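Heads up, entry14.cif below (mmCIF, C-alpha atoms and all ligand atoms):
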```cif
data_run
#
loop_
_atom_site.label_atom_id
_atom_site.label_comp_id
_atom_site.auth_asym_id
_atom_site.auth_seq_id
_atom_site.Cartn_x
_atom_site.Cartn_y
_atom_site.Cartn_z
CA MET A 29 -18.49 52.13 69.98
CA THR A 30 -17.53 55.26 71.87
CA VAL A 31 -19.82 58.23 71.23
CA ASN A 32 -18.52 61.80 71.25
CA LEU A 33 -21.17 63.68 73.21
CA LEU A 34 -19.92 67.05 71.98
CA GLY A 35 -21.72 66.74 68.64
CA LEU A 36 -25.09 65.48 69.90
CA ASP A 37 -28.01 67.91 69.77
CA ALA A 38 -30.94 67.58 72.22
CA GLN A 39 -32.69 64.88 70.24
CA ALA A 40 -29.56 62.81 69.67
CA LEU A 41 -28.52 63.16 73.30
CA GLU A 42 -31.96 61.95 74.42
CA ALA A 43 -31.63 58.94 72.14
CA PHE A 44 -28.18 58.21 73.55
CA VAL A 45 -29.42 58.49 77.13
CA ALA A 46 -32.31 56.12 76.36
CA GLU A 47 -29.90 53.66 74.81
CA ILE A 48 -27.86 53.42 77.99
CA GLY A 49 -31.07 52.94 79.97
CA GLU A 50 -31.31 56.35 81.66
CA LYS A 51 -34.20 58.77 82.14
CA PRO A 52 -34.71 61.61 79.60
CA PHE A 53 -33.87 64.42 82.07
CA ARG A 54 -30.30 63.13 82.15
CA ALA A 55 -29.88 64.43 78.59
CA LYS A 56 -30.45 67.99 79.75
CA GLN A 57 -28.06 67.57 82.65
CA LEU A 58 -25.41 66.15 80.39
CA MET A 59 -25.83 68.93 77.85
CA ARG A 60 -25.27 71.53 80.54
CA TRP A 61 -22.17 69.80 81.81
CA VAL A 62 -20.70 69.41 78.36
CA HIS A 63 -21.47 72.79 76.85
CA ARG A 64 -22.33 75.23 79.60
CA TYR A 65 -19.64 74.14 82.03
CA ARG A 66 -17.35 72.72 79.33
CA GLU A 67 -16.60 69.69 81.43
CA SER A 68 -14.97 66.82 79.61
CA ARG A 69 -14.40 64.48 82.56
CA PHE A 70 -17.39 62.43 83.62
CA THR A 71 -15.90 61.94 87.08
CA ASP A 72 -16.29 65.69 87.69
CA MET A 73 -19.99 65.79 86.74
CA SER A 74 -20.88 65.93 90.40
CA ASP A 75 -24.67 65.66 90.31
CA LEU A 76 -24.69 62.48 88.25
CA ALA A 77 -24.93 59.18 90.11
CA LYS A 78 -21.67 57.24 90.33
CA THR A 79 -23.21 54.35 88.40
CA LEU A 80 -24.14 56.69 85.55
CA ARG A 81 -20.69 58.28 85.52
CA ASP A 82 -19.14 54.84 85.24
CA LYS A 83 -21.52 53.95 82.45
CA LEU A 84 -20.62 57.14 80.58
CA ALA A 85 -16.92 56.54 81.00
CA GLY A 86 -17.38 53.20 79.23
CA ALA A 87 -19.60 54.45 76.40
CA ALA A 88 -18.74 58.05 75.64
CA VAL A 89 -16.17 60.84 75.46
CA VAL A 90 -16.28 64.63 75.26
CA ALA A 91 -13.59 65.38 72.70
CA ALA A 92 -12.87 68.66 70.93
CA PRO A 93 -10.21 68.99 68.24
CA ARG A 94 -6.63 69.39 69.48
CA VAL A 95 -5.16 72.89 69.34
CA ILE A 96 -1.97 72.92 67.25
CA ASN A 97 -1.35 76.63 67.36
CA ASP A 98 -2.84 79.63 69.16
CA GLY A 99 -1.99 83.08 67.83
CA VAL A 100 -3.00 86.55 68.97
CA SER A 101 -2.96 89.50 66.58
CA GLU A 102 -1.91 93.02 67.51
CA ASP A 103 -5.58 94.06 67.31
CA GLY A 104 -6.68 91.31 69.71
CA THR A 105 -7.95 88.92 67.04
CA ARG A 106 -7.10 85.39 68.04
CA LYS A 107 -6.67 82.41 65.75
CA TRP A 108 -6.53 78.74 66.63
CA LEU A 109 -5.23 76.06 64.31
CA LEU A 110 -7.01 72.80 65.09
CA ASP A 111 -5.97 69.28 64.26
CA VAL A 112 -8.80 67.37 62.60
CA GLY A 113 -6.79 64.23 61.85
CA ASN A 114 -4.97 62.69 58.90
CA GLY A 115 -2.73 65.68 58.40
CA ASN A 116 -5.63 68.14 58.18
CA ALA A 117 -6.08 71.26 60.25
CA VAL A 118 -8.73 74.00 60.22
CA GLU A 119 -8.84 77.49 61.64
CA THR A 120 -11.12 79.31 64.04
CA VAL A 121 -10.93 83.06 64.58
CA PHE A 122 -12.18 85.17 67.48
CA ILE A 123 -12.77 88.85 66.75
CA PRO A 124 -13.31 90.99 69.84
CA GLU A 125 -15.17 94.28 69.41
CA ALA A 126 -16.38 96.86 71.89
CA ASN A 127 -19.92 95.52 72.18
CA ARG A 128 -19.58 91.93 71.01
CA GLY A 129 -17.23 89.04 70.43
CA THR A 130 -17.58 87.14 67.18
CA LEU A 131 -16.29 83.65 66.58
CA CYS A 132 -15.67 82.65 62.98
CA ILE A 133 -16.01 78.88 62.62
CA SER A 134 -14.86 76.47 59.89
CA THR A 135 -17.16 73.75 58.57
CA GLN A 136 -14.97 71.80 56.14
CA ALA A 137 -11.29 70.97 55.71
CA GLY A 138 -10.89 72.91 52.46
CA CYS A 139 -13.72 73.63 50.04
CA THR A 140 -14.86 72.05 46.79
CA LEU A 141 -16.15 75.25 45.22
CA ALA A 142 -12.88 76.84 44.10
CA CYS A 143 -13.84 80.52 44.09
CA GLU A 144 -11.07 82.43 42.33
CA PHE A 145 -10.40 84.94 45.09
CA CYS A 146 -10.40 82.54 48.08
CA SER A 147 -7.34 80.84 49.49
CA THR A 148 -9.43 78.05 51.04
CA GLY A 149 -10.97 77.39 47.63
CA LYS A 150 -7.55 77.31 46.01
CA GLN A 151 -6.23 74.56 48.23
CA GLY A 152 -8.84 71.93 47.41
CA PHE A 153 -10.97 69.79 49.68
CA ASN A 154 -10.39 66.98 52.10
CA ARG A 155 -13.54 66.31 54.10
CA ASN A 156 -16.55 67.60 55.98
CA LEU A 157 -16.06 68.36 59.66
CA THR A 158 -18.22 66.42 62.10
CA ALA A 159 -20.82 68.18 64.26
CA ALA A 160 -18.46 67.69 67.22
CA GLU A 161 -15.61 69.37 65.34
CA ILE A 162 -17.85 72.29 64.36
CA VAL A 163 -19.42 73.01 67.74
CA GLY A 164 -16.11 71.98 69.33
CA GLN A 165 -14.64 75.22 67.99
CA LEU A 166 -17.10 77.22 70.10
CA TRP A 167 -16.49 74.93 73.06
CA LEU A 168 -12.72 75.43 72.77
CA ALA A 169 -12.94 79.18 72.26
CA ASN A 170 -15.15 79.65 75.30
CA ARG A 171 -12.76 77.53 77.28
CA ALA A 172 -9.68 79.39 76.10
CA LEU A 173 -11.27 82.79 76.58
CA GLY A 174 -12.25 81.88 80.11
CA ALA A 175 -15.96 82.49 79.65
CA THR A 176 -17.90 81.68 82.77
CA SER A 177 -21.44 80.41 82.98
CA LYS A 178 -22.41 83.47 85.00
CA GLY A 179 -22.96 85.93 82.20
CA GLY A 180 -19.29 86.30 81.41
CA ARG A 181 -19.79 84.95 77.90
CA VAL A 182 -17.17 86.32 75.61
CA VAL A 183 -18.41 84.82 72.36
CA SER A 184 -21.70 86.65 71.74
CA ASN A 185 -21.98 85.95 68.01
CA VAL A 186 -21.04 83.06 65.79
CA VAL A 187 -20.48 83.24 62.04
CA LEU A 188 -19.97 80.17 59.86
CA MET A 189 -17.54 82.03 57.65
CA GLY A 190 -14.31 80.15 58.18
CA MET A 191 -13.03 77.43 55.89
CA GLY A 192 -15.59 75.56 53.81
CA GLU A 193 -19.11 75.88 52.48
CA PRO A 194 -21.43 75.26 55.45
CA LEU A 195 -24.47 74.23 53.41
CA LEU A 196 -22.53 71.47 51.65
CA ASN A 197 -22.00 69.95 55.10
CA PHE A 198 -25.64 70.34 56.05
CA ASP A 199 -26.10 67.20 58.14
CA ASN A 200 -23.27 68.13 60.49
CA VAL A 201 -23.83 71.88 60.46
CA VAL A 202 -27.48 71.74 61.55
CA PRO A 203 -26.93 69.77 64.80
CA ALA A 204 -24.03 72.12 65.58
CA LEU A 205 -26.32 75.13 64.98
CA ARG A 206 -29.02 73.60 67.18
CA LEU A 207 -26.51 73.30 70.00
CA MET A 208 -25.45 76.92 69.58
CA LEU A 209 -29.12 77.92 69.98
CA ASP A 210 -30.03 75.47 72.76
CA ASP A 211 -30.58 77.12 76.14
CA ASN A 212 -28.92 74.17 77.86
CA ALA A 213 -25.84 74.59 75.69
CA TYR A 214 -24.84 78.05 74.38
CA GLY A 215 -28.23 79.79 74.28
CA LEU A 216 -27.40 82.15 71.42
CA SER A 217 -30.35 83.79 69.70
CA ARG A 218 -30.96 82.95 66.04
CA ARG A 219 -29.99 86.44 64.98
CA ARG A 220 -26.57 86.07 66.57
CA VAL A 221 -25.71 82.98 64.57
CA THR A 222 -24.99 83.54 60.88
CA VAL A 223 -24.49 81.02 58.10
CA SER A 224 -22.54 82.38 55.16
CA THR A 225 -23.08 80.62 51.86
CA SER A 226 -21.86 80.91 48.31
CA GLY A 227 -25.47 80.25 47.30
CA ILE A 228 -26.49 76.58 47.21
CA VAL A 229 -30.14 77.28 46.38
CA PRO A 230 -31.90 74.03 47.45
CA LEU A 231 -29.98 74.00 50.71
CA ILE A 232 -30.91 77.61 51.48
CA ASP A 233 -34.50 76.37 51.29
CA ARG A 234 -33.69 73.45 53.54
CA LEU A 235 -32.02 75.68 56.11
CA ARG A 236 -35.14 77.85 56.06
CA GLU A 237 -37.21 74.79 56.97
CA GLU A 238 -34.91 73.18 59.50
CA CYS A 239 -32.93 75.87 61.29
CA PRO A 240 -33.42 79.43 60.02
CA VAL A 241 -30.57 81.42 61.52
CA ALA A 242 -29.29 84.70 60.06
CA LEU A 243 -28.17 84.34 56.44
CA ALA A 244 -25.24 85.94 54.65
CA VAL A 245 -24.75 85.33 50.94
CA SER A 246 -21.43 85.72 49.19
CA LEU A 247 -22.51 87.71 46.15
CA HIS A 248 -19.28 89.30 44.88
CA ALA A 249 -20.65 90.07 41.40
CA PRO A 250 -23.85 91.70 40.13
CA SER A 251 -24.10 89.83 36.82
CA ASP A 252 -24.08 86.15 35.91
CA ALA A 253 -21.26 86.68 33.42
CA LEU A 254 -18.91 87.99 36.09
CA ARG A 255 -20.14 85.73 38.87
CA ASP A 256 -19.73 82.65 36.67
CA ARG A 257 -16.10 83.59 36.36
CA LEU A 258 -15.41 84.38 40.03
CA MET A 259 -17.59 81.71 41.62
CA PRO A 260 -18.10 78.55 39.52
CA ILE A 261 -21.13 77.58 41.66
CA ASN A 262 -23.03 80.39 39.91
CA ARG A 263 -23.18 78.27 36.75
CA LYS A 264 -25.35 75.83 38.67
CA TYR A 265 -27.39 78.36 40.68
CA PRO A 266 -27.50 81.64 38.78
CA LEU A 267 -28.36 84.99 40.35
CA ARG A 268 -32.07 85.01 39.59
CA GLU A 269 -32.57 81.67 41.38
CA LEU A 270 -30.28 82.67 44.22
CA LEU A 271 -32.13 85.93 44.91
CA ALA A 272 -35.49 84.19 44.74
CA ALA A 273 -34.25 81.75 47.42
CA CYS A 274 -33.13 84.73 49.53
CA VAL A 275 -36.62 86.25 49.32
CA ARG A 276 -38.17 82.92 50.33
CA TYR A 277 -35.74 82.69 53.24
CA LEU A 278 -36.82 86.04 54.63
CA ASP A 279 -40.21 84.88 55.87
CA ARG A 280 -38.54 82.52 58.33
CA ALA A 281 -35.34 84.49 58.97
CA PRO A 282 -34.57 86.04 62.37
CA ARG A 283 -33.70 89.34 60.69
CA ASP A 284 -35.70 91.18 58.07
CA PHE A 285 -32.84 91.43 55.60
CA ILE A 286 -30.23 89.23 53.95
CA THR A 287 -26.60 90.24 54.25
CA PHE A 288 -24.75 90.21 50.94
CA GLU A 289 -20.98 89.98 51.09
CA TYR A 290 -19.07 91.64 48.29
CA VAL A 291 -15.31 91.28 48.07
CA MET A 292 -13.61 94.31 46.53
CA LEU A 293 -11.47 93.23 43.56
CA SER A 294 -9.71 96.09 41.87
CA GLY A 295 -10.86 96.70 38.31
CA VAL A 296 -12.97 93.53 38.36
CA ASN A 297 -16.22 94.14 40.23
CA ASP A 298 -15.81 97.62 41.71
CA GLY A 299 -16.77 100.07 38.92
CA GLU A 300 -19.72 102.38 38.23
CA LEU A 301 -21.32 99.78 35.97
CA GLN A 302 -21.29 97.19 38.76
CA ALA A 303 -22.73 99.75 41.17
CA ARG A 304 -25.70 100.31 38.84
CA GLU A 305 -26.13 96.57 38.26
CA LEU A 306 -26.02 95.88 42.00
CA ILE A 307 -28.64 98.49 42.76
CA ALA A 308 -30.96 97.06 40.12
CA LEU A 309 -30.29 93.47 41.23
CA LEU A 310 -31.08 94.11 44.89
CA ALA A 311 -34.07 96.39 44.27
CA ASP A 312 -36.59 93.77 45.37
CA VAL A 313 -34.60 92.03 48.11
CA PRO A 314 -34.44 93.60 51.58
CA SER A 315 -30.67 93.63 51.92
CA LYS A 316 -27.61 94.90 53.66
CA VAL A 317 -24.36 94.88 51.77
CA ASN A 318 -21.06 94.23 53.44
CA LEU A 319 -18.07 95.26 51.33
CA ILE A 320 -15.01 93.16 52.15
CA PRO A 321 -11.59 94.52 51.20
CA PHE A 322 -9.87 91.72 49.30
CA ASN A 323 -7.23 90.04 51.43
CA PRO A 324 -4.28 88.88 49.40
CA PHE A 325 -2.66 85.47 49.78
CA PRO A 326 0.34 83.91 48.05
CA GLY A 327 -0.42 83.34 44.37
CA ALA A 328 -3.59 85.49 44.31
CA GLU A 329 -4.37 87.07 40.94
CA PHE A 330 -6.36 89.97 42.34
CA GLN A 331 -5.67 93.21 44.11
CA CYS A 332 -7.83 94.99 46.61
CA SER A 333 -9.73 98.02 45.29
CA PRO A 334 -8.25 101.34 46.43
CA ARG A 335 -9.89 102.87 49.45
CA GLU A 336 -11.59 105.65 47.45
CA VAL A 337 -13.10 103.12 45.05
CA ILE A 338 -14.55 101.17 47.97
CA ARG A 339 -15.93 104.41 49.39
CA ARG A 340 -17.48 105.34 46.04
CA LEU A 341 -19.31 102.01 45.74
CA SER A 342 -20.43 102.25 49.34
CA ASP A 343 -21.75 105.78 48.78
CA SER A 344 -23.60 104.80 45.59
CA LEU A 345 -25.33 101.88 47.30
CA ASN A 346 -26.20 103.88 50.40
CA ALA A 347 -27.57 106.69 48.22
CA ALA A 348 -29.81 104.13 46.53
CA GLY A 349 -31.17 103.09 49.93
CA ILE A 350 -29.15 99.91 50.36
CA VAL A 351 -27.50 99.97 53.78
CA THR A 352 -23.85 99.29 53.09
CA THR A 353 -20.95 98.84 55.45
CA THR A 354 -17.30 98.11 54.82
CA ARG A 355 -15.73 95.35 56.84
CA LYS A 356 -12.74 96.34 58.84
CA THR A 357 -9.89 94.00 58.16
CA ARG A 358 -8.88 92.25 61.35
CA GLY A 359 -6.06 89.92 62.25
CA GLU A 360 -4.11 90.41 59.03
CA ASP A 361 -0.76 90.05 60.78
CA ILE A 362 -1.63 86.48 61.75
CA ASP A 363 -3.37 85.61 58.44
CA ALA A 364 -6.73 85.49 60.16
CA ALA A 365 -8.60 87.85 57.82
CA CYS A 366 -11.45 86.75 55.51
CA GLY A 367 -10.24 84.46 52.78
CA GLN A 368 -6.81 83.98 54.33
CA LEU A 369 -7.66 80.85 56.27
CA VAL A 370 -5.85 77.87 54.89
CA GLY A 371 -5.20 75.57 57.83
CA GLN A 372 -3.66 72.46 56.43
CA VAL A 373 -5.56 70.45 53.88
CA GLN A 374 -4.52 67.21 52.26
CA ASP A 375 -6.33 67.84 49.02
CA ARG A 376 -8.13 64.72 47.87
CA THR A 377 -9.85 66.25 44.86
CA ARG A 378 -6.63 67.26 43.18
CA ARG A 379 -4.93 64.05 44.13
CA VAL A 380 -7.67 62.12 42.37
CA ILE A 381 -7.25 64.25 39.26
CA ARG A 382 -3.49 63.79 39.43
CA MET A 383 -3.89 60.05 39.74
CA GLU A 384 -6.25 60.02 36.77
CA LYS A 385 -3.63 61.85 34.76
CA VAL A 386 -0.98 59.34 35.70
CA ALA A 387 -3.20 56.36 34.87
N1 LIG B 1 -18.10 79.31 51.91
C1 LIG B 1 -18.83 80.32 52.54
C2 LIG B 1 -18.28 80.77 53.86
C3 LIG B 1 -16.78 80.96 53.98
S1 LIG B 1 -16.02 82.29 53.14
C4 LIG B 1 -19.02 81.50 51.62
O1 LIG B 1 -18.39 81.54 50.57
O2 LIG B 1 -19.85 82.35 51.94
C5 LIG B 1 -16.29 83.73 54.12
C6 LIG B 1 -16.33 85.03 53.31
O3 LIG B 1 -15.01 85.51 52.97
C7 LIG B 1 -17.07 84.87 52.01
O4 LIG B 1 -17.90 85.97 51.75
C8 LIG B 1 -15.94 84.81 51.04
O5 LIG B 1 -16.39 85.08 49.76
C9 LIG B 1 -14.99 85.83 51.59
N2 LIG B 1 -13.64 85.72 51.04
C10 LIG B 1 -13.07 84.64 50.47
N3 LIG B 1 -11.81 84.93 50.06
C11 LIG B 1 -11.58 86.22 50.38
C12 LIG B 1 -10.45 87.09 50.26
N4 LIG B 1 -9.31 86.67 49.71
N5 LIG B 1 -10.56 88.35 50.73
C13 LIG B 1 -11.70 88.76 51.31
N6 LIG B 1 -12.79 87.99 51.46
C14 LIG B 1 -12.74 86.72 51.01
FE1 LIG B 2 -15.50 77.89 49.37
FE2 LIG B 2 -16.58 80.15 50.34
FE3 LIG B 2 -13.99 80.07 49.65
FE4 LIG B 2 -15.88 79.96 47.75
S1 LIG B 2 -15.48 81.69 49.15
S2 LIG B 2 -14.05 78.65 47.85
S3 LIG B 2 -17.46 78.79 48.77
S4 LIG B 2 -14.93 78.93 51.27
#
```
Written form, structure tokens:
Amino acid sequence: MTVNLLGLDAQALEAFVAEIGEKPFRAKQLMRWVHRYRESRFTDMSDLAKTLRDKLAGAAVVAAPRVINDGVSEDGTRKWLLDVGNGNAVETVFIPEANRGTLCISTQAGCTLACEFCSTGKQGFNRNLTAAEIVGQLWLANRALGATSKGGRVVSNVVLMGMGEPLLNFDNVVPALRLMLDDNAYGLSRRRVTVSTSGIVPLIDRLREECPVALAVSLHAPSDALRDRLMPINRKYPLRELLAACVRYLDRAPRDFITFEYVMLSGVNDGELQARELIALLADVPSKVNLIPFNPFPGAEFQCSPREVIRRLSDSLNAAGIVTTTRKTRGEDIDAACGQLVGQVQDRTRRVIRMEKVA
């Protein structure tokens, strides 16, 4: 069977190298070729012996997803639509800023969690991405942006905030994260790699054990009653349990706070009452709050809070000592803003339900 080297972390690459009868140091060499120099042709891996190159050509490939579309926004935000097979496509977004470049990566084709305000959630779920497809997004972006190995890295930060719930694809996400952190691959520090989750409590604990990168939690509501309605996952892992997991996470986290994302839904979660509830809720959790203006999508039932309402909530939280920022909306003209990513998903969940109805 042909192995795709792109998705193999250090340990898996060492195992692969051993399997083809090569010395362990070859794993390091290969990792550098694949990720640092983004070389996909074994024939061009010039410091590998010809016999090894031939062996690799017979046993392995370096294959990233195919780019279907490549769009650049007026503000410089760039979005790639990537083919992940069987009629499915996911999106990756690069957001350039003055002092950093952030790549927003997808982890699933669709999402099972069906949050009310999210276009990815509305379109259903097809499948988990493989580790190669996840890290392949960084590989492709670096390639497309012309990053060089000599300090010209354009992607300085990675956020797993594209399509999908990263923690529900744990076994593929963790090797991809390890590659992002590996000095022979992308060498990003743990604080520059952020996993965003809707709050899968046991998997937050597992991430803490296995690969504690920076954590962002999609909060969006300060009470269980409201959060149950906006994010069905809250019925399984209510706020008290979620915040306790956040506190546990902090003793292994690369930063000394958890980022809480809060989408601004007009008349729903943006009032004075919610401000007071939020302040009380976060009193014992070292936090930063990131207010996200709601990005509309076709069929959405919500509207974004007016600018002055966003400012009022931000001021109230800041006055209570909770550092709060408001996310600037980027890439709206190419539908690359938070919650607008839809790619192309052949929804299997709904199809199953439909078939059940027919039967
Ligand atoms: N599933 C993960 C990561 C992907 S979503 C999570 O939920 O955290 C990335 C962020 O965009 C989340 O905070 C999500 O709640 C937010 N988001 C979803 N839909 C949005 C919309 N329509 N407008 C603004 N933000 C949205
Ligand atoms: Fe899934 Fe996150 Fe969208 Fe909720 S907000 S549906 S968890 S991608």
### Query
Taking all atoms listed in the file into account, which residues are within 10 Å of ligand LIG 2 (chain B), as a PyMOL selection string?
chain A and resi 134-153+189-196+224-228+245-248+258-261+291+366-370
What are the centre and edge lengths in Å, to one decimal, of the axis-aligned box around all listed atoms of region 193-212 of chain A with 4 Å added on each side, as AutoDock Vina command-line options?
```
--center_x -24.8 --center_y 72.6 --center_z 64.8 --size_x 19.5 --size_y 18.7 --size_z 34.2
```
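Remark: for ligand LIG 1 (chain B), the closest of the candidate residues A:Ala348, A:Cys132, A:Ala213, A:Val373 is A:Cys132 (distances computed over all atoms listed in the file).
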### Query
How many Å separate CA of Gly99 (chain A) from CA of Ala364 (chain A)?
9.3 Å
### Message
So that I can see what lies close to Asp199 (chain A), please list as a PyMOL selection string the residues with an atom at most 12 Å from it, counting only C-alpha atoms and leaving out residues fewer than 2 positions away in the same chain.
### Response
chain A and resi 35-37+135+156-160+162+194-197+201-206+231+234-235+238-239
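The space separating CA of Phe122 (chain A) from CA of Glu336 (chain A) comes to 28.7 Å.
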